[in-house]
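Shown here: final.pdb, PDB, C-alpha atoms.
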ATOM      1  CA  MET A 270     -15.461 -75.050 105.680
ATOM      2  CA  ASN A 271     -11.992 -73.762 106.539
ATOM      3  CA  ILE A 272      -9.611 -76.694 106.253
ATOM      4  CA  LEU A 273      -5.921 -76.887 107.130
ATOM      5  CA  ILE A 274      -4.068 -79.506 105.081
ATOM      6  CA  LEU A 275      -0.637 -80.625 106.236
ATOM      7  CA  GLY A 276       1.368 -82.571 103.666
ATOM      8  CA  ALA A 277      -0.496 -80.880 100.798
ATOM      9  CA  THR A 278       2.407 -81.382  98.372
ATOM     10  CA  GLY A 279       2.499 -85.158  98.911
ATOM     11  CA  ARG A 280       0.802 -87.842  96.814
ATOM     12  CA  VAL A 281      -2.318 -88.142  98.962
ATOM     13  CA  GLY A 282      -2.375 -84.589 100.338
ATOM     14  CA  SER A 283      -2.300 -82.938  96.908
ATOM     15  CA  GLN A 284      -5.394 -84.924  95.841
ATOM     16  CA  ILE A 285      -7.228 -84.093  99.083
ATOM     17  CA  LEU A 286      -6.503 -80.427  98.296
ATOM     18  CA  THR A 287      -8.045 -80.851  94.826
ATOM     19  CA  HIS A 288     -11.229 -82.397  96.306
ATOM     20  CA  ALA A 289     -11.578 -79.602  98.862
ATOM     21  CA  LEU A 290     -11.210 -76.857  96.255
ATOM     22  CA  HIS A 291     -13.625 -78.609  93.913
ATOM     23  CA  ASP A 292     -16.234 -78.372  96.689
ATOM     24  CA  ARG A 293     -15.370 -74.689  97.236
ATOM     25  CA  HIS A 294     -13.993 -75.033 100.744
ATOM     26  CA  HIS A 295     -11.337 -72.589 101.839
ATOM     27  CA  VAL A 296      -8.032 -74.386 102.319
ATOM     28  CA  THR A 297      -4.925 -73.305 104.177
ATOM     29  CA  VAL A 298      -1.764 -75.277 103.419
ATOM     30  CA  LEU A 299       1.395 -75.201 105.510
ATOM     31  CA  VAL A 300       4.298 -76.001 103.185
ATOM     32  CA  ARG A 301       8.062 -75.637 103.286
ATOM     33  CA  THR A 302       8.266 -74.905  99.558
ATOM     34  CA  PRO A 303       5.240 -72.942  98.260
ATOM     35  CA  GLU A 304       6.493 -73.406  94.657
ATOM     36  CA  LYS A 305       5.328 -77.031  94.898
ATOM     37  CA  ILE A 306       1.692 -75.883  95.089
ATOM     38  CA  HIS A 307       0.697 -75.530  91.447
ATOM     39  CA  ILE A 308      -2.885 -74.426  92.108
ATOM     40  CA  ASN A 309      -3.865 -70.814  91.611
ATOM     41  CA  SER A 310      -7.116 -70.305  93.514
ATOM     42  CA  GLU A 311      -8.498 -67.546  95.700
ATOM     43  CA  ASN A 312      -9.666 -70.341  98.033
ATOM     44  CA  VAL A 313      -6.098 -71.370  98.904
ATOM     45  CA  THR A 314      -4.015 -69.656 101.561
ATOM     46  CA  ILE A 315      -0.374 -70.751 101.444
ATOM     47  CA  VAL A 316       1.543 -70.455 104.702
ATOM     48  CA  GLN A 317       5.247 -71.063 104.251
ATOM     49  CA  GLY A 318       6.612 -72.921 107.223
ATOM     50  CA  ASN A 319       7.400 -76.194 108.906
ATOM     51  CA  ALA A 320       5.165 -78.540 110.893
ATOM     52  CA  LEU A 321       7.967 -78.768 113.480
ATOM     53  CA  ASN A 322       7.825 -75.026 114.151
ATOM     54  CA  GLU A 323       5.164 -74.092 116.707
ATOM     55  CA  THR A 324       4.943 -70.482 115.486
ATOM     56  CA  ASP A 325       4.299 -71.652 111.904
ATOM     57  CA  ILE A 326       1.575 -74.047 113.048
ATOM     58  CA  ILE A 327      -0.132 -71.338 115.124
ATOM     59  CA  ARG A 328      -0.115 -69.003 112.092
ATOM     60  CA  ALA A 329      -1.661 -71.682 109.897
ATOM     61  CA  MET A 330      -4.304 -72.657 112.476
ATOM     62  CA  HIS A 331      -6.186 -69.322 112.722
ATOM     63  CA  GLY A 332      -9.851 -69.618 111.754
ATOM     64  CA  ILE A 333      -9.614 -73.323 110.870
ATOM     65  CA  ASP A 334     -12.553 -75.742 111.356
ATOM     66  CA  VAL A 335     -10.824 -79.057 110.678
ATOM     67  CA  VAL A 336      -7.265 -80.341 110.210
ATOM     68  CA  ILE A 337      -6.250 -83.014 107.689
ATOM     69  CA  SER A 338      -2.715 -84.349 107.998
ATOM     70  CA  ALA A 339      -1.229 -86.332 105.121
ATOM     71  CA  LEU A 340       2.342 -85.821 106.314
ATOM     72  CA  ASN A 341       4.825 -88.577 105.421
ATOM     73  CA  THR A 342       7.345 -90.141 107.763
ATOM     74  CA  ASP A 343      10.153 -89.618 105.208
ATOM     75  CA  GLY A 344      12.431 -91.676 107.440
ATOM     76  CA  THR A 345      12.240 -88.983 110.130
ATOM     77  CA  THR A 346      10.387 -88.337 113.381
ATOM     78  CA  THR A 347       8.458 -85.383 111.909
ATOM     79  CA  LEU A 348       5.072 -87.021 112.516
ATOM     80  CA  SER A 349       5.491 -87.753 116.199
ATOM     81  CA  GLU A 350       7.353 -84.516 116.895
ATOM     82  CA  SER A 351       4.881 -82.248 115.082
ATOM     83  CA  LEU A 352       1.683 -83.804 116.435
ATOM     84  CA  PRO A 353       1.946 -82.469 120.024
ATOM     85  CA  LEU A 354       2.429 -78.965 118.542
ATOM     86  CA  ILE A 355      -0.561 -79.469 116.233
ATOM     87  CA  ILE A 356      -2.752 -80.687 119.114
ATOM     88  CA  LYS A 357      -1.707 -77.801 121.361
ATOM     89  CA  SER A 358      -2.552 -75.309 118.603
ATOM     90  CA  MET A 359      -5.885 -76.982 117.866
ATOM     91  CA  GLU A 360      -6.853 -76.895 121.529
ATOM     92  CA  SER A 361      -5.976 -73.223 121.886
ATOM     93  CA  GLU A 362      -8.026 -72.418 118.734
ATOM     94  CA  GLY A 363     -10.945 -74.595 119.835
ATOM     95  CA  ILE A 364     -10.590 -76.980 116.846
ATOM     96  CA  GLN A 365     -11.898 -80.456 117.617
ATOM     97  CA  ARG A 366     -11.614 -82.514 114.405
ATOM     98  CA  ILE A 367      -8.429 -84.020 112.940
ATOM     99  CA  ILE A 368      -8.180 -86.620 110.169
ATOM    100  CA  THR A 369      -4.781 -88.183 109.509
ATOM    101  CA  VAL A 370      -3.387 -90.640 106.969
ATOM    102  CA  GLY A 371      -1.546 -93.484 108.680
ATOM    103  CA  THR A 372      -0.577 -96.962 107.562
ATOM    104  CA  ALA A 373      -2.170-100.418 107.692
ATOM    105  CA  GLY A 374       0.728-101.455 109.920
ATOM    106  CA  ILE A 375      -0.944 -99.801 112.923
ATOM    107  CA  LEU A 376      -4.230-101.683 112.526
ATOM    108  CA  GLN A 377      -4.893-104.667 114.794
ATOM    109  CA  SER A 378      -3.491-107.976 113.551
ATOM    110  CA  ARG A 379      -6.137-110.506 112.532
ATOM    111  CA  THR A 380      -3.900-113.450 113.388
ATOM    112  CA  THR A 381      -2.803-112.044 116.768
ATOM    113  CA  PRO A 382      -5.494-109.502 117.718
ATOM    114  CA  ASN A 383      -3.723-108.195 120.824
ATOM    115  CA  ILE A 384      -0.883-106.687 118.752
ATOM    116  CA  LEU A 385      -0.660-104.421 115.725
ATOM    117  CA  ARG A 386      -0.104-105.696 112.184
ATOM    118  CA  TYR A 387       3.446-104.368 111.913
ATOM    119  CA  GLN A 388       4.349-106.283 115.095
ATOM    120  CA  SER A 389       2.896-109.535 113.734
ATOM    121  CA  SER A 390       3.636-112.077 111.001
ATOM    122  CA  GLU A 391       0.931-110.396 108.881
ATOM    123  CA  SER A 392       3.306-107.618 107.911
ATOM    124  CA  LYS A 393       5.731-108.448 105.122
ATOM    125  CA  ARG A 394       7.764-105.254 105.528
ATOM    126  CA  LYS A 395      11.337-105.700 106.685
ATOM    127  CA  SER A 396      11.615-102.208 108.138
ATOM    128  CA  THR A 397       9.160-101.187 110.863
ATOM    129  CA  ARG A 398      10.476 -97.646 111.261
ATOM    130  CA  ALA A 399       7.572 -95.894 109.469
ATOM    131  CA  ALA A 400       4.996 -98.023 111.287
ATOM    132  CA  GLU A 401       6.623 -97.245 114.637
ATOM    133  CA  GLU A 402       6.357 -93.542 113.852
ATOM    134  CA  HIS A 403       2.660 -93.913 112.928
ATOM    135  CA  HIS A 404       2.152 -95.976 116.110
ATOM    136  CA  LYS A 405       3.425 -93.008 118.161
ATOM    137  CA  VAL A 406       0.918 -90.764 116.367
ATOM    138  CA  TYR A 407      -1.899 -93.215 117.178
ATOM    139  CA  ASP A 408      -0.905 -93.267 120.851
ATOM    140  CA  ILE A 409      -0.706 -89.455 121.041
ATOM    141  CA  LEU A 410      -4.126 -89.038 119.387
ATOM    142  CA  LYS A 411      -5.699 -91.645 121.707
ATOM    143  CA  GLN A 412      -4.533 -89.630 124.703
ATOM    144  CA  SER A 413      -5.876 -86.348 123.285
ATOM    145  CA  SER A 414      -9.379 -84.921 123.680
ATOM    146  CA  LEU A 415      -9.740 -84.458 119.907
ATOM    147  CA  ASP A 416     -12.206 -86.119 117.533
ATOM    148  CA  TRP A 417      -9.598 -88.018 115.514
ATOM    149  CA  THR A 418      -9.751 -90.508 112.657
ATOM    150  CA  ILE A 419      -6.711 -92.304 111.213
ATOM    151  CA  VAL A 420      -7.156 -93.603 107.656
ATOM    152  CA  CYS A 421      -4.862 -96.634 107.285
ATOM    153  CA  PRO A 422      -4.162 -97.642 103.675
ATOM    154  CA  THR A 423      -2.222-100.767 102.832
ATOM    155  CA  TYR A 424       0.235-100.832  99.858
ATOM    156  CA  LEU A 425      -0.362 -97.486  98.139
ATOM    157  CA  PRO A 426       0.423 -97.346  94.394
ATOM    158  CA  ASP A 427      -0.461 -94.186  92.456
ATOM    159  CA  GLY A 428      -3.038 -96.086  90.370
ATOM    160  CA  GLU A 429      -6.425 -94.900  89.169
ATOM    161  CA  ARG A 430      -9.517 -93.960  91.108
ATOM    162  CA  GLU A 431     -11.808 -97.003  91.189
ATOM    163  CA  GLY A 432     -14.381 -95.518  93.568
ATOM    164  CA  LYS A 433     -15.078 -98.943  95.081
ATOM    165  CA  TYR A 434     -13.113-100.277  98.015
ATOM    166  CA  ARG A 435     -13.598-101.996 101.339
ATOM    167  CA  ILE A 436     -13.270-100.294 104.688
ATOM    168  CA  GLU A 437     -13.178-101.779 108.152
ATOM    169  CA  ARG A 438     -12.783-100.248 111.577
ATOM    170  CA  ASN A 439      -9.467-100.993 113.324
ATOM    171  CA  VAL A 440      -8.448-103.883 111.018
ATOM    172  CA  LEU A 441      -7.507-104.279 107.355
ATOM    173  CA  PRO A 442     -10.315-105.743 105.195
ATOM    174  CA  GLU A 443      -9.605-109.443 104.831
ATOM    175  CA  GLY A 444      -7.172-110.257 102.029
ATOM    176  CA  GLY A 445      -6.687-106.550 101.248
ATOM    177  CA  MET A 446      -3.465-106.072  99.291
ATOM    178  CA  LYS A 447      -3.521-102.501  97.972
ATOM    179  CA  ILE A 448      -5.457 -99.271  97.573
ATOM    180  CA  SER A 449      -4.661 -96.473  95.128
ATOM    181  CA  VAL A 450      -3.642 -92.957  96.101
ATOM    182  CA  PRO A 451      -6.799 -91.412  94.487
ATOM    183  CA  ASP A 452      -9.164 -93.724  96.396
ATOM    184  CA  THR A 453      -7.301 -93.149  99.669
ATOM    185  CA  ALA A 454      -7.472 -89.376  99.148
ATOM    186  CA  GLU A 455     -11.184 -89.524  98.317
ATOM    187  CA  PHE A 456     -12.053 -91.593 101.409
ATOM    188  CA  THR A 457      -9.921 -89.388 103.666
ATOM    189  CA  TYR A 458     -11.591 -86.272 102.281
ATOM    190  CA  ARG A 459     -15.061 -87.775 102.768
ATOM    191  CA  GLN A 460     -14.414 -88.049 106.508
ATOM    192  CA  LEU A 461     -14.974 -84.283 106.690
ATOM    193  CA  GLU A 462     -18.706 -84.978 106.388
ATOM    194  CA  SER A 463     -18.750 -88.170 108.451
ATOM    195  CA  ASN A 464     -18.729 -88.990 112.152
ATOM    196  CA  ASN A 465     -18.696 -92.757 111.517
ATOM    197  CA  TYR A 466     -15.050 -93.288 112.379
ATOM    198  CA  ILE A 467     -14.339 -90.825 115.182
ATOM    199  CA  HIS A 468     -11.777 -92.239 117.648
ATOM    200  CA  SER A 469     -11.028 -95.040 115.165
ATOM    201  CA  ARG A 470      -8.428 -96.314 112.770
ATOM    202  CA  VAL A 471      -9.925 -97.302 109.420
ATOM    203  CA  GLY A 472      -8.424-100.035 107.249
ATOM    204  CA  ILE A 473      -8.919 -99.405 103.538
ATOM    205  CA  ALA A 474      -8.185-101.789 100.640
ATOM    206  CA  TYR A 475      -9.741-103.227  97.479
TER
END

Please rewrite the model in this file as structure tokens.
Amino acid sequence: MNILILGATGRVGSQILTHALHDRHHVTVLVRTPEKIHINSENVTIVQGNALNETDIIRAMHGIDVVISALNTDGTTTLSESLPLIIKSMESEGIQRIITVGTAGILQSRTTPNILRYQSSESKRKSTRAAEEHHKVYDILKQSSLDWTIVCPTYLPDGEREGKYRIERNVLPEGGMKISVPDTAEFTYRQLESNNYIHSRVGIAY
């Protein structure tokens, strides 16, 4: 498969990249600083650029089968500003599948099911800025014609890979408190081979 990974230098994205190369897929990464990619493989194409630059995205999108975005909010509006450019590029290239890493804040609240977790008493976070940004992404994807999946981890320590976790469509598994970066990356990567969660958010926790 030809996979485009956005956010490949981040905690989750870098591990998704490792999985993809282990399975001998060809991976294109769009990165601002190529020096941060410490993998030397003939199966990696590094495109230097910015997810907010339409020309850079178009360059990175050629010949791609599926897009995985593990971009962070980083206190900015990069996610919601880049996504319309990503979708436009995918549509012009005929790419249908996108898998993104979101946050448990945009899952439905169990206590108040008509609102999202970050809007409810379930969320213990004082700042909702990151969740609001991920909420915009969710809304944009819902309105698109793409086959999207948003993986929504709760508290995300680096941790170890346990290989066992709970997943639930559109809500966080009951009592779920955390999920490690390696397990989140593995589950996100596995969605390449799965149609189980198309047009869904997926809550993931131990």

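Applied to this file, the PyMOL selection byres ((chain A and resi 400) around 8) selects the residues Thr372, Gly374, Ile375, Tyr387, Thr397, Arg398, Ala399, Glu401, Glu402, His403 and His404 of chain A.
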
For region 408-413 of chain A, list every protein, DNA or RNA residue within 8 Å, evaluated using all atoms listed in the file, and leave out those in the same chain fewer than 5 positions away; present the list as a count of residues only. 4

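Shell of region 304-315 of chain A at 8 Å, with only C-alpha atoms counted and residues fewer than 3 places along the chain excluded, is Ala277, Thr278, Leu290, Arg293, His294, His295, Val296, Thr297, Val298, Leu299 and Val300 of chain A.
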
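Here CA of Gly432 (chain A) stands at a distance of 28.7 Å from CA of Thr380 (chain A).
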
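Candidate residues A:Thr457, A:Gln388, A:Ser414, A:Thr423 were compared for distance to Gln365 (chain A), and the nearest is A:Ser414, using only C-alpha atoms.
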
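Residue selection for this entry, given the PyMOL selection byres ((chain A and resi 340) around 8), comprises Leu275, Gly276, Ala277, Gly279, Gly282, Ser338, Ala339, Asn341, Thr342, Leu348 and Val370 of chain A.
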
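You can rank A:Pro451, A:Ile272, A:Gly428, A:Lys405 by their closest distance to Arg366 (chain A) using all atoms listed in the file, and at the top of that list sits A:Ile272.
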
Name the residues captured by the PyMOL selection byres ((chain A and resi 446) around 12) when it is applied to the shown file; answer as a PyMOL selection string. chain A and resi 373+391-393+422-426+434-435+441-445+447-449+472-475

Selection: 6 Å around Leu376 (chain A), only C-alpha atoms, excl. self and same-chain fewer than 3 positions, as a PyMOL selection string: chain A and resi 373+385-386+439-440

For Ile337 (chain A), which residue out of A:Ala454, A:Arg301, A:Arg394, A:Ile367 is the nearest one, using all atoms listed in the file? A:Ile367

With N, CA and C atoms as the goal, would you fill in the gaps in region 273-306 of chain A and present it as a tab-separated table (two decimals), in the frame of the given file?
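Saved as part_12.tsv:
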chain	number	residue	atom	x	y	z
A	273	LEU	N	-7.39	-76.94	107.18
A	273	LEU	CA	-5.92	-76.89	107.13
A	273	LEU	C	-5.43	-78.25	106.66
A	274	ILE	N	-4.66	-78.26	105.57
A	274	ILE	CA	-4.07	-79.51	105.08
A	274	ILE	C	-2.57	-79.46	105.32
A	275	LEU	N	-2.08	-80.44	106.04
A	275	LEU	CA	-0.64	-80.62	106.24
A	275	LEU	C	-0.18	-81.75	105.31
A	276	GLY	N	0.93	-81.57	104.65
A	276	GLY	CA	1.37	-82.57	103.67
A	276	GLY	C	0.67	-82.40	102.33
A	277	ALA	N	0.30	-81.14	102.01
A	277	ALA	CA	-0.50	-80.88	100.80
A	277	ALA	C	0.29	-81.05	99.51
A	278	THR	N	1.62	-81.16	99.60
A	278	THR	CA	2.41	-81.38	98.37
A	278	THR	C	2.68	-82.86	98.13
A	279	GLY	N	2.26	-83.72	99.06
A	279	GLY	CA	2.50	-85.16	98.91
A	279	GLY	C	1.49	-85.82	97.99
A	280	ARG	N	1.66	-87.12	97.77
A	280	ARG	CA	0.80	-87.84	96.81
A	280	ARG	C	-0.67	-87.81	97.23
A	281	VAL	N	-0.93	-88.12	98.49
A	281	VAL	CA	-2.32	-88.14	98.96
A	281	VAL	C	-2.80	-86.73	99.26
A	282	GLY	N	-1.98	-85.94	99.94
A	282	GLY	CA	-2.38	-84.59	100.34
A	282	GLY	C	-2.75	-83.70	99.17
A	283	SER	N	-2.02	-83.80	98.07
A	283	SER	CA	-2.30	-82.94	96.91
A	283	SER	C	-3.68	-83.27	96.32
A	284	GLN	N	-4.07	-84.54	96.37
A	284	GLN	CA	-5.39	-84.92	95.84
A	284	GLN	C	-6.52	-84.55	96.80
A	285	ILE	N	-6.24	-84.57	98.11
A	285	ILE	CA	-7.23	-84.09	99.08
A	285	ILE	C	-7.47	-82.59	98.85
A	286	LEU	N	-6.40	-81.86	98.59
A	286	LEU	CA	-6.50	-80.43	98.30
A	286	LEU	C	-7.41	-80.19	97.08
A	287	THR	N	-7.22	-80.98	96.04
A	287	THR	CA	-8.04	-80.85	94.83
A	287	THR	C	-9.53	-81.08	95.13
A	288	HIS	N	-9.83	-82.12	95.92
A	288	HIS	CA	-11.23	-82.40	96.31
A	288	HIS	C	-11.83	-81.21	97.06
A	289	ALA	N	-11.07	-80.69	98.01
A	289	ALA	CA	-11.58	-79.60	98.86
A	289	ALA	C	-11.88	-78.35	98.04
A	290	LEU	N	-11.00	-78.05	97.09
A	290	LEU	CA	-11.21	-76.86	96.26
A	290	LEU	C	-12.37	-77.07	95.29
A	291	HIS	N	-12.51	-78.29	94.81
A	291	HIS	CA	-13.62	-78.61	93.91
A	291	HIS	C	-14.96	-78.34	94.60
A	292	ASP	N	-15.01	-78.59	95.91
A	292	ASP	CA	-16.23	-78.37	96.69
A	292	ASP	C	-16.29	-76.97	97.30
A	293	ARG	N	-15.38	-76.11	96.86
A	293	ARG	CA	-15.37	-74.69	97.24
A	293	ARG	C	-15.14	-74.42	98.72
A	294	HIS	N	-14.44	-75.33	99.38
A	294	HIS	CA	-13.99	-75.03	100.74
A	294	HIS	C	-12.82	-74.06	100.67
A	295	HIS	N	-12.56	-73.39	101.77
A	295	HIS	CA	-11.34	-72.59	101.84
A	295	HIS	C	-10.25	-73.43	102.49
A	296	VAL	N	-9.10	-73.51	101.85
A	296	VAL	CA	-8.03	-74.39	102.32
A	296	VAL	C	-6.78	-73.58	102.63
A	297	THR	N	-6.24	-73.83	103.83
A	297	THR	CA	-4.92	-73.31	104.18
A	297	THR	C	-3.94	-74.47	104.10
A	298	VAL	N	-2.81	-74.24	103.47
A	298	VAL	CA	-1.76	-75.28	103.42
A	298	VAL	C	-0.50	-74.73	104.07
A	299	LEU	N	0.10	-75.55	104.90
A	299	LEU	CA	1.40	-75.20	105.51
A	299	LEU	C	2.46	-76.00	104.77
A	300	VAL	N	3.31	-75.31	104.02
A	300	VAL	CA	4.30	-76.00	103.18
A	300	VAL	C	5.67	-75.35	103.32
A	301	ARG	N	6.69	-76.18	103.23
A	301	ARG	CA	8.06	-75.64	103.29
A	301	ARG	C	8.42	-74.93	101.99
A	302	THR	N	7.95	-75.50	100.86
A	302	THR	CA	8.27	-74.90	99.56
A	302	THR	C	6.98	-74.59	98.81
A	303	PRO	N	6.49	-73.33	98.91
A	303	PRO	CA	5.24	-72.94	98.26
A	303	PRO	C	5.23	-73.20	96.76
A	304	GLU	N	6.43	-73.20	96.11
A	304	GLU	CA	6.49	-73.41	94.66
A	304	GLU	C	5.92	-74.77	94.26
A	305	LYS	N	5.84	-75.70	95.22
A	305	LYS	CA	5.33	-77.03	94.90
A	305	LYS	C	3.80	-77.05	94.79
A	306	ILE	N	3.15	-75.97	95.23
A	306	ILE	CA	1.69	-75.88	95.09
A	306	ILE	C	1.40	-75.22	93.75
